[in-house]
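Enquirer: The structure under discussion is supplied below as structure tokens; questions concerning it will follow.
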Amino acid sequence: MHHQNTLLKNRSTGMCLGLLVTCAVFLAAIPIQSQDKKQTAGADDDVIKVTSNLVSLDVIVKDKKGEPITDLRAEDFKVSENGVPQKIEFFDATLTSDSEAGQPTNTTGSNQPKPRSSNGLPRNIIALVLDGQSTELGNLKRVRDGITKYIRERISDDDSVALFAISGDLQLLQPFTQDKAKLVSAVENAYGSSTVSKTSERAGISESIATLRDQLASAPTGPVLSAAGGSAAAQVMIWQRVLEEYVQLRTALSVQQARPILAGLAAICEGLRPIPGKKTLVVFSQGFVAPQVLDWKVQSTIDIANRANVAIYIIDSSGLIGGTPQSGALVPSSALSAISAATSQENRIRAGAGESVFDITRQEGSNRQQDLLYRISGDTGGQLIKNTNDIASGLGRIDAEIRSRYTLAYRSSDPNFDGSFRKVKVEVRRSDTVVVARPGYYAIPPSQVVPLSPDDRKLLANFSAMAAHPSLPLSLQMNPIRSQPGYYIVPLSFEIPPAAIEFDHKADKQQMALDVLGVVRRQGDDKILSRLGGDFDVGLTAQQYESILNDKIFFRQDMELEAGSYSIDLVVKDRLSGKVAAQRQSLVLPVSESEFFATEAVLSRHAELLPASTGDVLSDGKVQIRPSPSREFHSTDNLIIFFVLYNAAPVVETGKPLVRVTVTLMKDGKPVTRPADYELTEPTAEPVPHLTFAKYFKLTGLPAGRYSAVIETRDIVQKKLVTQEAWFVIAQ
């Protein structure tokens with residue numbers, strides 16, 4: 001049988017629910033002192049490590065004129081949790097107060113150490129974070145100058161400051177110090193290290209989207225009655241197709257931009273958790289659009305900050321903006337994207353490709369509860385400062401607020417930290433005052449790094465029973481690809497037959513509701529490293545619903561993990577029918593980086609040509625493939641085989657590798673096709689040197705049944721052979 005094959009092209013992140021879930025980055029307990037000397041074991045005594053279930057709150061009290069009141073004492077405050085009065089066990093006065101700070105109240109006999117160390121280490125801890133993912137080069141100079149002025153004029157001996165940058169990953173540019181010269185030097189050097197903004201690129205794509213939409217809006221509609229009309233209709237189809245690709249590219253870029261920012265903020269807050277004092281994180285950001293699938297990560301970042309009692313302030317680094325420019329961002333009606341065979345890709349993306357309501361350039365008039373920067377800052381006790389070119393002035397406003405904060409701590413009378421939200425009310429026994437404090441917190445156990453909701457806990461509690469008796473058919477697979485030395489991108493994909501899902505007809509839509517929860521642990525360790533999934537509500541038009549019935553419901557989410565062994569638990573629940581599925585898979589990511597190595601073959605029946613490369617790991621050239629976890633095909637499909645090769649030795653004469661790949665389709669242990677041979681000689685340098693195998697095979701003429709693809713990969717220079725077998729089914 002003759003097989004037609006073509007090389008698949010392009011690296012793109014047009015992923016369905018693509019998400020890089022960065023493994024938790026833990027900052028060690030950092031002593032609040034100058035970093036001139038290397039820390040010794042004895043210095044650890046100066047760091048207060050709070051391990052009990054204390055709840056800490058920062059509180060600002062203002063008079064009727066809005067001026068801060070700084071002379072209050074512990075006995076002036078009352079705190080209640082869910083309506084139950086709580087005993088204030090620790091009180092820390094404002095930084096501008098003459099009262100002695102860090103004193104336990106007179107009403108407790110607790111032996112808990114004071115929240116301030118005995119040698120007078122700084123009480124004011126400030127982490128400055130440059131968001132290089134969103135801040136454009138032209139605005140970084142303004143940010144740098146403002147921070148430098150703030151350090152020189154505002155930082156005192158009672159402050160300890162560190163400088164971080166987020167540029168694809170989290171960088172500690174200057175550890176906590178009171179040395180102004182070191183801080184200023186770090187800020188100046190950071191100007192060049194944080195210039196990886198994706199904002200300009202995203203703005204360019206949005207401009208192209210707006211232009212195409214204008215062209216489509218002015219295009220003639222109606223039946224084609226002439227040759228000219230046919231030409232115009234063809235042009236409209238081209239515009240629609242290009243628009244779909246641009247929307248997909250923008251969505252993918254938004255994912256790439258948002259995920260390291262959220263992971264970095266969570267990591268800093270978690271690192272600050274055991275450190276006493278007034279803790280503030282100031283972020284300089286132009287803002288970012290996050291997909292709805294990242295909402296759990298947004299809430300997790302807020303929860304981690306609140307547990308560590310870190311107030312997050314955000315300064316809009318875009319500066320003064322005239323008017324209210326529109327971003328053109330799509331407002332999703334649902335969160336589950338890439339529903340197979342939907343007639344319009346833009347409709348699929350609009351329905352759930354992942355752009356939230358929020359866009360930093362469109363704040364006025366938008367819902368503040370869904371505005372990411374307002375939400376992160378407001379829910380952690382900070383604020384968002386925007387529309388100003390004077391960064392130093394914005395920092396001055398933040399500094400004044402920091403220095404007027406009281407810190408109250410109490411041990412909750414409810415010891416059951418079950419993840420539920422608890423309302424906290426702080427009152428002052430003085431008339432004509434306004435109290436500003438967080439409205440409450442999620443009761444997360446101190447030992448839990450990744451916060452889980454009560455519903456998440458219920459799902460995981462019943463995991464074994466659901467895994468033993470699933471009521472929902474689920475096909476799951478993971479395909480690790482090396483992203484950098486010692487690390488892997490791991491796309492997790494699953495498919496569900498649409499016939500297994502219950503739909504609810506409302507108005508003109510078919511509604512579907514899925515809960516997806518995944519947790520990542522190291523093999524043999526119960527600690528959760530990362531969380532995946534979310535709650536997805538999808539409204540399908542009649543056309544979309546009809547087309548999905550002939551395909552699968554597909555989900556993909558990416559993780560980044562370092563080499564090692566992991567256990568991944570995944571739970572999927574159909575909210576309308578109550579059907580559930582649960583699977584546990586082990587994942588081994590090889591530590592060795594020198595051996596000739598081939599990743600497990602990805603089988604697919606879907607490939608899509610994209611207009612540009614965006615770096616998706618499951619793509620080659622300009623073609624992105626969508627895995628088929630069910631491995632179910634029809635004789636009319638093309639079977640796509642994709643895998644990546646590492647450490648092939650170069651030929652001396654050419655300096656290029658020479659790898660021969662032989663693929664044979666088998667059924668019942670016998671070949672049903674002739675072996676097809678290919679030579680790979682053109683390596684790709686990024687993200688790590690590799691060769692990509694991406695070919696398709698026609699299944700025409702093959703009867704229904706179970707098959708396998710036997711793949712032999714030979715490094716001709718090293719004379720090494722790697723063999724793997726990937727099974728699949730051809731359905732009737």
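Chain labels A, B, ... are given in the sequence in which chains occur in the structure tokens; within each chain residues are numbered consecutively from 1, and ligands are likewise numbered from 1 in the order shown.
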Just want the 8 Å neighbourhood of Ile641 in chain A, counted on only C-alpha atoms, with same-chain residues fewer than 4 positions away dropped. Output as a list in words.
Expert: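 The filter keeps Ala601, Val602, Leu603, Ser604, Phe693, Ala694, Lys695 and Tyr696 of chain A.
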Enquirer: Per residue of range 553-668 of chain A within 10 Å of range 687-690 of chain A, note the shortest atom pair and the distance in Å to one decimal, counting only C-alpha atoms, and order the rows by chain and increasing residue number, as CSV.
Expert:
residue,atom,partner,partner_atom,distance
A:Phe597,CA,A:His690,CA,9.8
A:Ala598,CA,A:His690,CA,9.6
A:Gly615,CA,A:Pro687,CA,8.8
A:Val617,CA,A:Pro687,CA,9.2
A:Val644,CA,A:His690,CA,6.6
A:Leu645,CA,A:His690,CA,5.5
A:Tyr646,CA,A:His690,CA,4.8
A:Asn647,CA,A:His690,CA,7.0
A:Ala648,CA,A:His690,CA,7.9
A:Pro657,CA,A:His690,CA,9.9
Enquirer: Export all heavy atoms of the chosen residues as an mmCIF file, in the first residue's frame?
Expert:
data_model
loop_
_atom_site.group_PDB
_atom_site.id
_atom_site.type_symbol
_atom_site.label_atom_id
_atom_site.label_comp_id
_atom_site.auth_asym_id
_atom_site.auth_seq_id
_atom_site.Cartn_x
_atom_site.Cartn_y
_atom_site.Cartn_z
ATOM 1 N N PHE A 597 17.637 9.501 22.731
ATOM 2 C CA PHE A 597 16.345 9.337 23.404
ATOM 3 C C PHE A 597 15.230 9.801 22.488
ATOM 4 O O PHE A 597 15.344 10.830 21.806
ATOM 5 C CB PHE A 597 16.356 10.156 24.707
ATOM 6 C CG PHE A 597 15.032 10.248 25.406
ATOM 7 C CD1 PHE A 597 14.476 9.136 26.022
ATOM 8 C CD2 PHE A 597 14.336 11.447 25.467
ATOM 9 C CE1 PHE A 597 13.253 9.228 26.680
ATOM 10 C CE2 PHE A 597 13.127 11.549 26.120
ATOM 11 C CZ PHE A 597 12.583 10.431 26.727
ATOM 12 N N ALA A 598 14.119 9.050 22.466
ATOM 13 C CA ALA A 598 12.935 9.422 21.692
ATOM 14 C C ALA A 598 11.740 9.520 22.626
ATOM 15 O O ALA A 598 11.531 8.642 23.465
ATOM 16 C CB ALA A 598 12.664 8.405 20.596
ATOM 17 N N GLY A 615 5.680 28.597 19.329
ATOM 18 C CA GLY A 615 6.451 27.776 20.253
ATOM 19 C C GLY A 615 5.755 26.625 20.915
ATOM 20 O O GLY A 615 6.242 26.103 21.914
ATOM 21 N N VAL A 617 4.864 22.952 21.881
ATOM 22 C CA VAL A 617 5.727 21.771 21.821
ATOM 23 C C VAL A 617 5.173 20.693 20.905
ATOM 24 O O VAL A 617 5.912 19.819 20.458
ATOM 25 C CB VAL A 617 5.957 21.188 23.234
ATOM 26 C CG1 VAL A 617 6.736 22.169 24.090
ATOM 27 C CG2 VAL A 617 4.638 20.812 23.898
ATOM 28 N N VAL A 644 9.720 13.379 19.261
ATOM 29 C CA VAL A 644 10.920 14.211 19.261
ATOM 30 C C VAL A 644 12.110 13.359 19.671
ATOM 31 O O VAL A 644 11.998 12.497 20.555
ATOM 32 C CB VAL A 644 10.758 15.412 20.218
ATOM 33 C CG1 VAL A 644 12.024 16.253 20.266
ATOM 34 C CG2 VAL A 644 9.584 16.274 19.776
ATOM 35 N N LEU A 645 13.272 13.621 19.044
ATOM 36 C CA LEU A 645 14.503 12.864 19.293
ATOM 37 C C LEU A 645 15.575 13.788 19.852
ATOM 38 O O LEU A 645 15.704 14.934 19.408
ATOM 39 C CB LEU A 645 15.016 12.241 17.994
ATOM 40 C CG LEU A 645 14.095 11.219 17.325
ATOM 41 C CD1 LEU A 645 14.423 11.096 15.860
ATOM 42 C CD2 LEU A 645 14.239 9.882 18.019
ATOM 43 N N TYR A 646 16.359 13.260 20.792
ATOM 44 C CA TYR A 646 17.421 14.038 21.405
ATOM 45 C C TYR A 646 18.766 13.306 21.309
ATOM 46 O O TYR A 646 18.811 12.076 21.290
ATOM 47 C CB TYR A 646 17.116 14.309 22.882
ATOM 48 C CG TYR A 646 15.810 15.024 23.111
ATOM 49 C CD1 TYR A 646 14.662 14.321 23.463
ATOM 50 C CD2 TYR A 646 15.717 16.399 22.965
ATOM 51 C CE1 TYR A 646 13.454 14.974 23.675
ATOM 52 C CE2 TYR A 646 14.512 17.066 23.178
ATOM 53 C CZ TYR A 646 13.385 16.345 23.529
ATOM 54 O OH TYR A 646 12.197 16.989 23.727
ATOM 55 N N ASN A 647 19.836 14.106 21.279
ATOM 56 C CA ASN A 647 21.214 13.612 21.401
ATOM 57 C C ASN A 647 21.628 12.693 20.263
ATOM 58 O O ASN A 647 22.340 11.714 20.475
ATOM 59 C CB ASN A 647 21.411 12.908 22.747
ATOM 60 C CG ASN A 647 21.107 13.810 23.918
ATOM 61 O OD1 ASN A 647 21.480 14.981 23.923
ATOM 62 N ND2 ASN A 647 20.402 13.278 24.911
ATOM 63 N N ALA A 648 21.211 13.001 19.051
ATOM 64 C CA ALA A 648 21.715 12.282 17.885
ATOM 65 C C ALA A 648 23.096 12.826 17.554
ATOM 66 O O ALA A 648 23.316 14.044 17.553
ATOM 67 C CB ALA A 648 20.770 12.451 16.708
ATOM 68 N N PRO A 657 23.280 15.516 12.192
ATOM 69 C CA PRO A 657 22.941 14.137 12.568
ATOM 70 C C PRO A 657 22.350 13.381 11.387
ATOM 71 O O PRO A 657 21.903 13.978 10.399
ATOM 72 C CB PRO A 657 21.901 14.326 13.675
ATOM 73 C CG PRO A 657 21.295 15.657 13.400
ATOM 74 C CD PRO A 657 22.379 16.502 12.819
#
Enquirer: How far is it from CA of Cys269 in chain A to CA of Thr301 in chain A, in Å with one decimal?
Expert: 8.2 Å
Enquirer: Pick out the closest residue to Gln585 in chain A from this set: A:Asp569, A:Glu207, A:Glu502, A:Asp508. Count only C-alpha atoms.
Expert: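 Among the listed residues, A:Asp569 lies closest to Gln585 in chain A.
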Enquirer: Find the residue from A:Tyr566, A:Phe421, A:Phe596, A:Phe536 that sits nearest to Leu514 in chain A; use only C-alpha atoms when measuring.
Expert: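 Selected residue with least distance to Leu514 in chain A: A:Phe536.
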Enquirer: Enumerate as a list in words all residues of range 442-579 of chain A assigned to alpha helix (DSSP H) by DSSP on the backbone, naming them with the chain letters and numbers the document uses.
Expert: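 Here is the list: Pro454, Asp455, Asp456, Arg457, Lys458, Leu459, Leu460, Ala461, Phe463, Ser464, Ala465, Met466, Ala467, Ala468, Ala542, Gln543, Gln544, Tyr545, Glu546, Ser547 and Ile548 of chain A.
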Enquirer: Can you write just those residues out, N, CA and C atoms, as a compact mmCIF listing (two decimals), in the first residue's frame?
Expert:
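Saved result, again.txt, follows:
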# COMPACT_ATOMS: atom_id res chain seq x y z
N PRO A 454 -13.29 23.52 49.08
CA PRO A 454 -14.02 22.40 49.68
C PRO A 454 -14.53 21.41 48.64
N ASP A 455 -14.99 21.91 47.47
CA ASP A 455 -15.45 21.00 46.41
C ASP A 455 -14.31 20.16 45.87
N ASP A 456 -13.13 20.78 45.72
CA ASP A 456 -11.96 20.01 45.29
C ASP A 456 -11.65 18.89 46.27
N ARG A 457 -11.72 19.21 47.55
CA ARG A 457 -11.42 18.22 48.57
C ARG A 457 -12.40 17.04 48.53
N LYS A 458 -13.67 17.35 48.27
CA LYS A 458 -14.67 16.28 48.19
C LYS A 458 -14.36 15.35 47.01
N LEU A 459 -14.00 15.94 45.88
CA LEU A 459 -13.67 15.12 44.71
C LEU A 459 -12.48 14.21 45.00
N LEU A 460 -11.43 14.77 45.60
CA LEU A 460 -10.23 13.97 45.88
C LEU A 460 -10.50 12.93 46.97
N ALA A 461 -11.38 13.24 47.91
CA ALA A 461 -11.69 12.28 48.98
C ALA A 461 -12.32 11.02 48.43
N PHE A 463 -11.70 9.80 45.40
CA PHE A 463 -10.95 9.45 44.19
C PHE A 463 -10.90 7.94 43.96
N SER A 464 -10.57 7.18 44.98
CA SER A 464 -10.40 5.73 44.82
C SER A 464 -11.68 5.07 44.33
N ALA A 465 -12.82 5.47 44.91
CA ALA A 465 -14.09 4.88 44.51
C ALA A 465 -14.43 5.25 43.07
N MET A 466 -14.18 6.50 42.69
CA MET A 466 -14.47 6.92 41.32
C MET A 466 -13.56 6.24 40.31
N ALA A 467 -12.29 6.04 40.70
CA ALA A 467 -11.35 5.37 39.80
C ALA A 467 -11.73 3.90 39.61
N ALA A 468 -12.24 3.27 40.68
CA ALA A 468 -12.62 1.86 40.59
C ALA A 468 -13.92 1.67 39.82
N ALA A 542 -26.57 25.67 17.66
CA ALA A 542 -27.10 24.48 17.01
C ALA A 542 -26.07 23.86 16.09
N GLN A 543 -25.33 24.69 15.33
CA GLN A 543 -24.30 24.18 14.43
C GLN A 543 -23.17 23.51 15.20
N GLN A 544 -22.73 24.15 16.25
CA GLN A 544 -21.64 23.60 17.05
C GLN A 544 -22.06 22.28 17.70
N TYR A 545 -23.27 22.26 18.20
CA TYR A 545 -23.75 21.04 18.84
C TYR A 545 -23.84 19.90 17.84
N GLU A 546 -24.33 20.17 16.64
CA GLU A 546 -24.45 19.14 15.61
C GLU A 546 -23.09 18.60 15.21
N SER A 547 -22.11 19.49 15.09
CA SER A 547 -20.79 19.05 14.65
C SER A 547 -20.04 18.28 15.73
N ILE A 548 -20.25 18.66 17.00
CA ILE A 548 -19.52 17.98 18.06
C ILE A 548 -19.99 16.54 18.25
Enquirer: With DSSP run on the backbone, what are the strand (DSSP E) residues within range 115-199 of chain A? I'd like them as an MDAnalysis selection string.
Expert: chainID A and resid 124:131 159:166 170:177
Enquirer: Keeping only N, CA, C and O atoms, write the selected residues to a file as an mmCIF file, in the first residue's frame.
Expert:
data_model
loop_
_atom_site.group_PDB
_atom_site.id
_atom_site.type_symbol
_atom_site.label_atom_id
_atom_site.label_comp_id
_atom_site.auth_asym_id
_atom_site.auth_seq_id
_atom_site.Cartn_x
_atom_site.Cartn_y
_atom_site.Cartn_z
ATOM 1 N N ASN A 124 9.556 46.218 58.374
ATOM 2 C CA ASN A 124 8.909 46.533 57.108
ATOM 3 C C ASN A 124 9.607 45.788 55.972
ATOM 4 O O ASN A 124 10.745 46.098 55.622
ATOM 5 N N ILE A 125 8.919 44.792 55.404
ATOM 6 C CA ILE A 125 9.504 43.952 54.351
ATOM 7 C C ILE A 125 8.792 44.264 53.043
ATOM 8 O O ILE A 125 7.573 44.105 52.936
ATOM 9 N N ILE A 126 9.561 44.716 52.043
ATOM 10 C CA ILE A 126 8.984 45.125 50.766
ATOM 11 C C ILE A 126 9.654 44.355 49.637
ATOM 12 O O ILE A 126 10.886 44.373 49.507
ATOM 13 N N ALA A 127 8.858 43.678 48.821
ATOM 14 C CA ALA A 127 9.360 42.992 47.626
ATOM 15 C C ALA A 127 8.906 43.778 46.407
ATOM 16 O O ALA A 127 7.702 43.936 46.166
ATOM 17 N N LEU A 128 9.843 44.317 45.647
ATOM 18 C CA LEU A 128 9.545 45.045 44.417
ATOM 19 C C LEU A 128 9.669 44.075 43.243
ATOM 20 O O LEU A 128 10.678 43.378 43.118
ATOM 21 N N VAL A 129 8.648 44.017 42.397
ATOM 22 C CA VAL A 129 8.612 43.025 41.321
ATOM 23 C C VAL A 129 8.415 43.723 39.979
ATOM 24 O O VAL A 129 7.395 44.399 39.763
ATOM 25 N N LEU A 130 9.372 43.586 39.080
ATOM 26 C CA LEU A 130 9.262 44.123 37.726
ATOM 27 C C LEU A 130 8.633 43.059 36.831
ATOM 28 O O LEU A 130 9.199 41.988 36.635
ATOM 29 N N ASP A 131 7.464 43.363 36.316
ATOM 30 C CA ASP A 131 6.776 42.445 35.417
ATOM 31 C C ASP A 131 7.252 42.708 33.987
ATOM 32 O O ASP A 131 6.672 43.495 33.243
ATOM 33 N N ASP A 159 13.418 49.319 57.180
ATOM 34 C CA ASP A 159 12.906 48.633 55.995
ATOM 35 C C ASP A 159 13.929 47.625 55.463
ATOM 36 O O ASP A 159 15.138 47.846 55.553
ATOM 37 N N SER A 160 13.405 46.540 54.920
ATOM 38 C CA SER A 160 14.241 45.578 54.200
ATOM 39 C C SER A 160 13.575 45.335 52.847
ATOM 40 O O SER A 160 12.395 44.984 52.778
ATOM 41 N N VAL A 161 14.334 45.519 51.766
ATOM 42 C CA VAL A 161 13.762 45.524 50.421
ATOM 43 C C VAL A 161 14.510 44.524 49.542
ATOM 44 O O VAL A 161 15.727 44.386 49.635
ATOM 45 N N ALA A 162 13.742 43.836 48.686
ATOM 46 C CA ALA A 162 14.324 42.937 47.691
ATOM 47 C C ALA A 162 13.768 43.304 46.324
ATOM 48 O O ALA A 162 12.685 43.898 46.208
ATOM 49 N N LEU A 163 14.490 42.938 45.276
ATOM 50 C CA LEU A 163 14.059 43.227 43.906
ATOM 51 C C LEU A 163 13.967 41.927 43.119
ATOM 52 O O LEU A 163 14.924 41.149 43.068
ATOM 53 N N PHE A 164 12.801 41.710 42.516
ATOM 54 C CA PHE A 164 12.552 40.540 41.680
ATOM 55 C C PHE A 164 12.192 41.001 40.266
ATOM 56 O O PHE A 164 11.753 42.136 40.059
ATOM 57 N N ALA A 165 12.351 40.095 39.309
ATOM 58 C CA ALA A 165 11.884 40.339 37.945
ATOM 59 C C ALA A 165 11.223 39.072 37.434
ATOM 60 O O ALA A 165 11.636 37.953 37.773
ATOM 61 N N ILE A 166 10.187 39.242 36.633
ATOM 62 C CA ILE A 166 9.519 38.112 35.988
ATOM 63 C C ILE A 166 9.680 38.281 34.488
ATOM 64 O O ILE A 166 9.072 39.175 33.886
ATOM 65 N N LEU A 170 10.902 33.502 37.307
ATOM 66 C CA LEU A 170 11.116 34.405 38.430
ATOM 67 C C LEU A 170 12.608 34.545 38.702
ATOM 68 O O LEU A 170 13.319 33.552 38.849
ATOM 69 N N GLN A 171 13.089 35.793 38.760
ATOM 70 C CA GLN A 171 14.504 36.070 39.023
ATOM 71 C C GLN A 171 14.631 36.918 40.280
ATOM 72 O O GLN A 171 13.930 37.923 40.432
ATOM 73 N N LEU A 172 15.521 36.512 41.179
ATOM 74 C CA LEU A 172 15.835 37.308 42.365
ATOM 75 C C LEU A 172 17.050 38.166 42.019
ATOM 76 O O LEU A 172 18.175 37.687 41.981
ATOM 77 N N LEU A 173 16.813 39.451 41.745
ATOM 78 C CA LEU A 173 17.892 40.342 41.321
ATOM 79 C C LEU A 173 18.671 40.906 42.501
ATOM 80 O O LEU A 173 19.855 41.204 42.370
ATOM 81 N N GLN A 174 18.014 41.093 43.640
ATOM 82 C CA GLN A 174 18.688 41.565 44.847
ATOM 83 C C GLN A 174 17.975 41.009 46.060
ATOM 84 O O GLN A 174 16.808 41.303 46.287
ATOM 85 N N PRO A 175 18.649 40.158 46.864
ATOM 86 C CA PRO A 175 18.028 39.641 48.088
ATOM 87 C C PRO A 175 17.688 40.780 49.046
ATOM 88 O O PRO A 175 18.156 41.906 48.907
ATOM 89 N N PHE A 176 16.896 40.472 50.056
ATOM 90 C CA PHE A 176 16.463 41.479 51.019
ATOM 91 C C PHE A 176 17.676 42.137 51.676
ATOM 92 O O PHE A 176 18.577 41.466 52.173
ATOM 93 N N THR A 177 17.652 43.447 51.677
ATOM 94 C CA THR A 177 18.780 44.205 52.204
ATOM 95 C C THR A 177 18.310 45.587 52.638
ATOM 96 O O THR A 177 17.243 46.056 52.229
#
